[in-house]
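See below for run18.txt, which holds compact mmCIF, C-alpha atoms.
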```txt
# COMPACT_ATOMS: atom_id res chain seq x y z
CA THR A 1378 -4.10 -22.74 -16.30
CA THR A 1379 -3.00 -24.62 -19.37
CA LEU A 1380 0.36 -25.31 -17.71
CA SER A 1381 -1.36 -26.98 -14.75
CA ALA A 1382 -3.48 -29.14 -17.06
CA LEU A 1383 -0.40 -30.01 -19.11
CA ILE A 1384 1.57 -31.06 -16.02
CA PHE A 1385 -1.36 -33.17 -14.83
CA GLN A 1386 -1.79 -34.85 -18.23
CA LYS A 1387 1.93 -35.62 -18.50
CA PHE A 1388 2.46 -36.94 -14.99
CA HIS A 1389 -1.05 -37.82 -13.69
CA THR A 1390 -0.59 -36.30 -10.25
CA ASN A 1391 -1.86 -33.14 -8.63
CA VAL A 1392 1.16 -33.12 -6.30
CA LEU A 1393 3.49 -32.20 -9.16
CA VAL A 1394 1.05 -29.54 -10.35
CA GLY A 1395 1.16 -27.87 -6.94
CA ASN A 1396 4.90 -28.32 -6.51
CA MET A 1397 5.72 -26.87 -9.92
CA GLU A 1398 3.40 -23.92 -9.41
CA ALA A 1399 5.05 -23.43 -6.00
CA ALA A 1400 8.51 -23.53 -7.62
CA GLN A 1401 7.46 -20.72 -9.92
CA GLY A 1402 5.84 -18.64 -7.19
CA LEU A 1403 8.56 -19.10 -4.60
CA THR A 1404 11.41 -18.25 -6.94
CA GLN A 1405 9.53 -15.10 -7.92
CA LEU A 1406 8.88 -14.24 -4.28
CA PHE A 1407 12.45 -14.73 -3.15
CA THR A 1408 14.18 -13.05 -6.11
CA ALA A 1409 11.88 -10.02 -6.45
CA PRO A 1410 13.51 -8.04 -3.58
CA LEU A 1411 16.98 -8.51 -5.09
CA PHE A 1412 15.80 -7.43 -8.53
CA GLY A 1413 14.03 -4.45 -6.98
CA ILE A 1414 17.35 -3.34 -5.49
CA TRP A 1415 19.02 -3.87 -8.86
CA ALA A 1416 16.33 -1.78 -10.58
CA ASP A 1417 17.17 1.08 -8.21
CA ASN A 1418 20.93 0.79 -8.70
CA LEU A 1419 21.51 -0.51 -12.25
CA SER A 1420 20.39 0.57 -15.67
CA ARG A 1421 16.71 -0.32 -16.00
CA LYS A 1422 17.00 -0.27 -19.77
CA PHE A 1423 19.79 -2.84 -19.56
CA MET A 1424 17.73 -5.01 -17.21
CA LEU A 1425 14.82 -4.94 -19.65
CA LYS A 1426 17.08 -5.92 -22.55
CA ILE A 1427 18.45 -8.84 -20.53
CA SER A 1428 14.93 -9.86 -19.46
CA ALA A 1429 13.75 -9.83 -23.10
CA ILE A 1430 16.60 -12.15 -24.09
CA PHE A 1431 15.97 -14.34 -21.03
CA GLY A 1432 12.26 -14.44 -21.85
CA ILE A 1433 12.87 -15.54 -25.43
CA VAL A 1434 15.24 -18.26 -24.21
CA MET A 1435 12.56 -19.35 -21.72
CA ILE A 1436 9.91 -19.51 -24.44
CA ILE A 1437 12.12 -21.59 -26.71
CA GLY A 1438 12.93 -23.86 -23.76
CA TRP A 1439 9.27 -24.28 -22.82
CA ILE A 1440 8.31 -25.11 -26.40
CA TYR A 1441 11.06 -27.73 -26.46
CA ILE A 1442 9.87 -29.17 -23.14
CA ILE A 1443 6.18 -29.38 -24.00
CA TYR A 1444 6.77 -31.11 -27.33
CA THR A 1445 9.79 -33.34 -26.66
CA SER A 1446 10.47 -33.90 -22.97
CA ASP A 1447 8.87 -35.83 -20.14
CA SER A 1448 11.51 -34.77 -17.62
CA VAL A 1449 10.04 -33.75 -14.28
CA LEU A 1450 13.35 -32.15 -13.32
CA LEU A 1451 13.44 -30.03 -16.47
CA MET A 1452 9.88 -28.83 -15.88
CA TYR A 1453 10.71 -27.95 -12.25
CA LEU A 1454 13.75 -26.05 -13.47
CA PHE A 1455 11.80 -24.07 -16.05
CA CYS A 1456 8.93 -23.34 -13.64
CA GLY A 1457 11.49 -21.89 -11.22
CA MET A 1458 13.24 -19.99 -13.99
CA TRP A 1459 9.89 -18.55 -15.15
CA GLY A 1460 9.40 -17.19 -11.63
CA ILE A 1461 12.85 -15.60 -11.76
CA PHE A 1462 12.07 -14.17 -15.21
CA THR A 1463 8.81 -12.66 -13.95
CA ALA A 1464 10.55 -11.02 -10.99
CA PHE A 1465 13.43 -9.81 -13.15
CA TYR A 1466 11.33 -7.97 -15.75
CA SER A 1467 8.74 -6.66 -13.26
CA ALA A 1468 11.16 -4.62 -11.14
CA PRO A 1469 12.51 -2.28 -13.84
CA ILE A 1470 9.08 -1.90 -15.46
CA GLU A 1471 7.54 -0.86 -12.14
CA ALA A 1472 10.39 1.56 -11.45
CA ILE A 1473 10.28 3.14 -14.91
CA PHE A 1474 6.52 3.56 -14.71
CA ALA A 1475 6.64 5.10 -11.23
CA ASP A 1476 9.46 7.47 -12.19
CA SER A 1477 7.60 8.68 -15.28
CA LEU A 1478 4.56 9.92 -13.35
CA ASN A 1479 4.06 13.22 -11.68
CA ASP A 1480 2.08 13.51 -8.48
CA ASN A 1481 -0.91 15.22 -10.11
CA ASN A 1482 -2.26 12.21 -11.98
CA ARG A 1483 -0.42 9.24 -10.43
CA THR A 1484 -3.56 7.61 -9.01
CA GLN A 1485 -5.48 7.85 -12.27
CA LEU A 1486 -2.60 6.43 -14.31
CA TYR A 1487 -2.01 3.56 -11.86
CA SER A 1488 -5.74 2.78 -12.08
CA TRP A 1489 -5.58 2.69 -15.88
CA ARG A 1490 -2.44 0.59 -15.74
CA GLN A 1491 -4.10 -1.91 -13.42
CA PHE A 1492 -7.15 -1.99 -15.67
CA LEU A 1493 -4.97 -2.82 -18.68
CA ILE A 1494 -3.15 -5.54 -16.74
CA GLN A 1495 -6.48 -7.10 -15.78
CA MET A 1496 -7.65 -6.88 -19.39
CA GLY A 1497 -4.53 -8.76 -20.45
CA ARG A 1498 -5.23 -11.42 -17.85
CA THR A 1499 -8.76 -11.71 -19.23
CA ILE A 1500 -7.84 -11.77 -22.90
CA GLY A 1501 -5.41 -14.68 -22.39
CA PRO A 1502 -8.07 -17.10 -21.13
CA VAL A 1503 -10.50 -15.92 -23.83
CA ILE A 1504 -7.88 -16.71 -26.46
CA ASN A 1505 -7.38 -20.10 -24.78
CA ILE A 1506 -11.11 -20.82 -25.08
CA LEU A 1507 -10.99 -20.03 -28.79
CA LEU A 1508 -7.88 -22.18 -29.24
CA TYR A 1509 -9.42 -25.13 -27.38
CA TYR A 1510 -12.48 -24.78 -29.59
CA GLN A 1511 -10.28 -24.65 -32.70
CA PHE A 1512 -8.18 -27.66 -31.66
CA GLY A 1513 -11.18 -29.85 -30.78
CA ASN A 1514 -11.93 -28.96 -27.16
CA GLU A 1515 -10.17 -32.03 -25.76
CA TRP A 1516 -7.63 -31.97 -22.98
CA THR A 1517 -5.16 -34.29 -24.68
CA LEU A 1518 -1.44 -33.63 -24.58
CA ASP A 1519 -1.45 -32.61 -28.24
CA VAL A 1520 -4.16 -29.98 -27.70
CA LEU A 1521 -2.60 -28.72 -24.46
CA ASN A 1522 0.83 -28.51 -26.11
CA ASN A 1523 -0.59 -26.46 -28.99
CA VAL A 1524 -2.53 -24.08 -26.73
CA MET A 1525 0.52 -23.66 -24.48
CA ALA A 1526 2.77 -22.99 -27.48
CA CYS A 1527 0.36 -20.31 -28.75
CA GLY A 1528 0.35 -18.64 -25.34
CA LEU A 1529 4.14 -18.74 -25.23
CA LEU A 1530 4.34 -17.15 -28.67
CA PHE A 1531 2.05 -14.33 -27.49
CA SER A 1532 4.38 -13.90 -24.51
CA GLY A 1533 7.30 -13.70 -26.89
CA LEU A 1534 5.65 -10.88 -28.79
CA ALA A 1535 5.22 -9.01 -25.51
CA ALA A 1536 8.91 -9.53 -24.69
CA LEU A 1537 9.90 -7.76 -27.90
```
Show this structure as structure tokens.
Amino acid sequence: TTLSALIFQKFHTNVLVGNMEAAQGLTQLFTAPLFGIWADNLSRKFMLKISAIFGIVMIIGWIYIIYTSDSVLLMYLFCGMWGIFTAFYSAPIEAIFADSLNDNNRTQLYSWRQFLIQMGRTIGPVINILLYYQFGNEWTLDVLNNVMACGLLFSGLAAL
């Protein structure tokens, strides 16, 4: 991912790449059950509003970090917070989607949903390829920062 390349270019070690990716994944793993319980017991609409605000704050924070900071601690913190953010918005979305389906076409709609998710995961890297081409196809910090910022802005649009 662009984040992994950015971490490597900033700090010149694969250990930090793995540790920061682990911080993101582990915080998501350990907070997802709690947020699943919340999605069953609290207002899902409220949770999604909070997650949109949290996501926008995260995007602004990441843009600040990639352009102005070389703090390992700050990057660890935001990798972990991104994992929390992912778990927080996923739970109410999953619950709302599941509750909106009837038993007659649940399988078909889940298949379509999964297809659209995979398309989104494909379109992101394709956009990255185009951005790398546009910015000169070099893995310098400037290029990586710009590609990462574009990806974050697309994420921000999705949060709205």
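Environment of (10.2, -25.7, -29.7): residues at most 12 Å away, judged by only C-alpha atoms, are Ile1433, Val1434, Met1435, Ile1436, Ile1437, Gly1438, Trp1439, Ile1440, Tyr1441, Ile1442, Ile1443, Tyr1444, Thr1445, Ser1446, Asn1522, Asn1523, Met1525, Ala1526, Cys1527, Leu1529 and Leu1530 of chain A.
For the residues A:Phe1423, A:Phe1431, A:Phe1455, A:Phe1512, ranking by smallest atom-to-atom distance to A:Pro1469 using all atoms listed in the file places A:Phe1423 first.
Among A:Leu1425, A:Ile1430, A:Ile1461, A:Leu1451, the residue with the shortest atom-to-atom distance to A:Leu1406, counting all atoms listed in the file, is A:Ile1461.
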Nearest residue to A:Ser1428 out of A:Ser1532, A:Asn1482, A:Thr1463, A:Gln1495, using all atoms listed in the file? A:Thr1463
Near A:Ser1381, counting only C-alpha atoms, which residues have an atom at most 9 Å away, once you skip same-chain residues fewer than 2 positions from it, shown as an mmCIF file with C-alpha atoms, in the frame of the given file?
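selection_8.cif, written as the output of this step:
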```
data_model
loop_
_atom_site.group_PDB
_atom_site.id
_atom_site.type_symbol
_atom_site.label_atom_id
_atom_site.label_comp_id
_atom_site.auth_asym_id
_atom_site.auth_seq_id
_atom_site.Cartn_x
_atom_site.Cartn_y
_atom_site.Cartn_z
ATOM 1 C CA THR A 1378 -4.100 -22.740 -16.300
ATOM 2 C CA THR A 1379 -3.000 -24.620 -19.370
ATOM 3 C CA LEU A 1383 -0.400 -30.010 -19.110
ATOM 4 C CA ILE A 1384 1.570 -31.060 -16.020
ATOM 5 C CA PHE A 1385 -1.360 -33.170 -14.830
ATOM 6 C CA GLN A 1386 -1.790 -34.850 -18.230
ATOM 7 C CA ASN A 1391 -1.860 -33.140 -8.630
ATOM 8 C CA VAL A 1394 1.050 -29.540 -10.350
ATOM 9 C CA GLY A 1395 1.160 -27.870 -6.940
ATOM 10 C CA MET A 1397 5.720 -26.870 -9.920
ATOM 11 C CA GLU A 1398 3.400 -23.920 -9.410
#
```
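Among A:Val1520, A:Arg1498, A:Met1424, A:Ala1399, the residue with the shortest atom-to-atom distance to A:Ser1467, counting only C-alpha atoms, is A:Met1424.
What separates atom CA of A:Ala1464 from atom CA of A:Ala1409 is a distance of 4.8 Å.
Shortest separation to A:Gly1501 among A:Ala1400, A:Val1524, A:Ala1472, A:Leu1518 occurs at residue A:Val1524, atoms counted being all atoms listed in the file.
Shortest separation to A:Lys1426 among A:Gly1513, A:Leu1493, A:Leu1521, A:Phe1465 occurs at residue A:Phe1465, atoms counted being only C-alpha atoms.
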Separation of atom CA of A:Lys1387 from atom CA of A:Val1449 in Å: 9.3 Å
Gap from atom CA of A:Gln1401 to atom CA of A:Cys1456 - Å, one decimal: 4.8 Å
Please enclose the listed atoms of stretch 1441-1444 of chain A in an axis-aligned box, pad each side by 3 Å, and write out the centre and the three edge lengths in Å, rounded to one decimal, as lines of an AutoDock Vina configuration file.
```
center_x = 8.6
center_y = -29.4
center_z = -25.2
size_x = 10.9
size_y = 9.4
size_z = 10.2
```
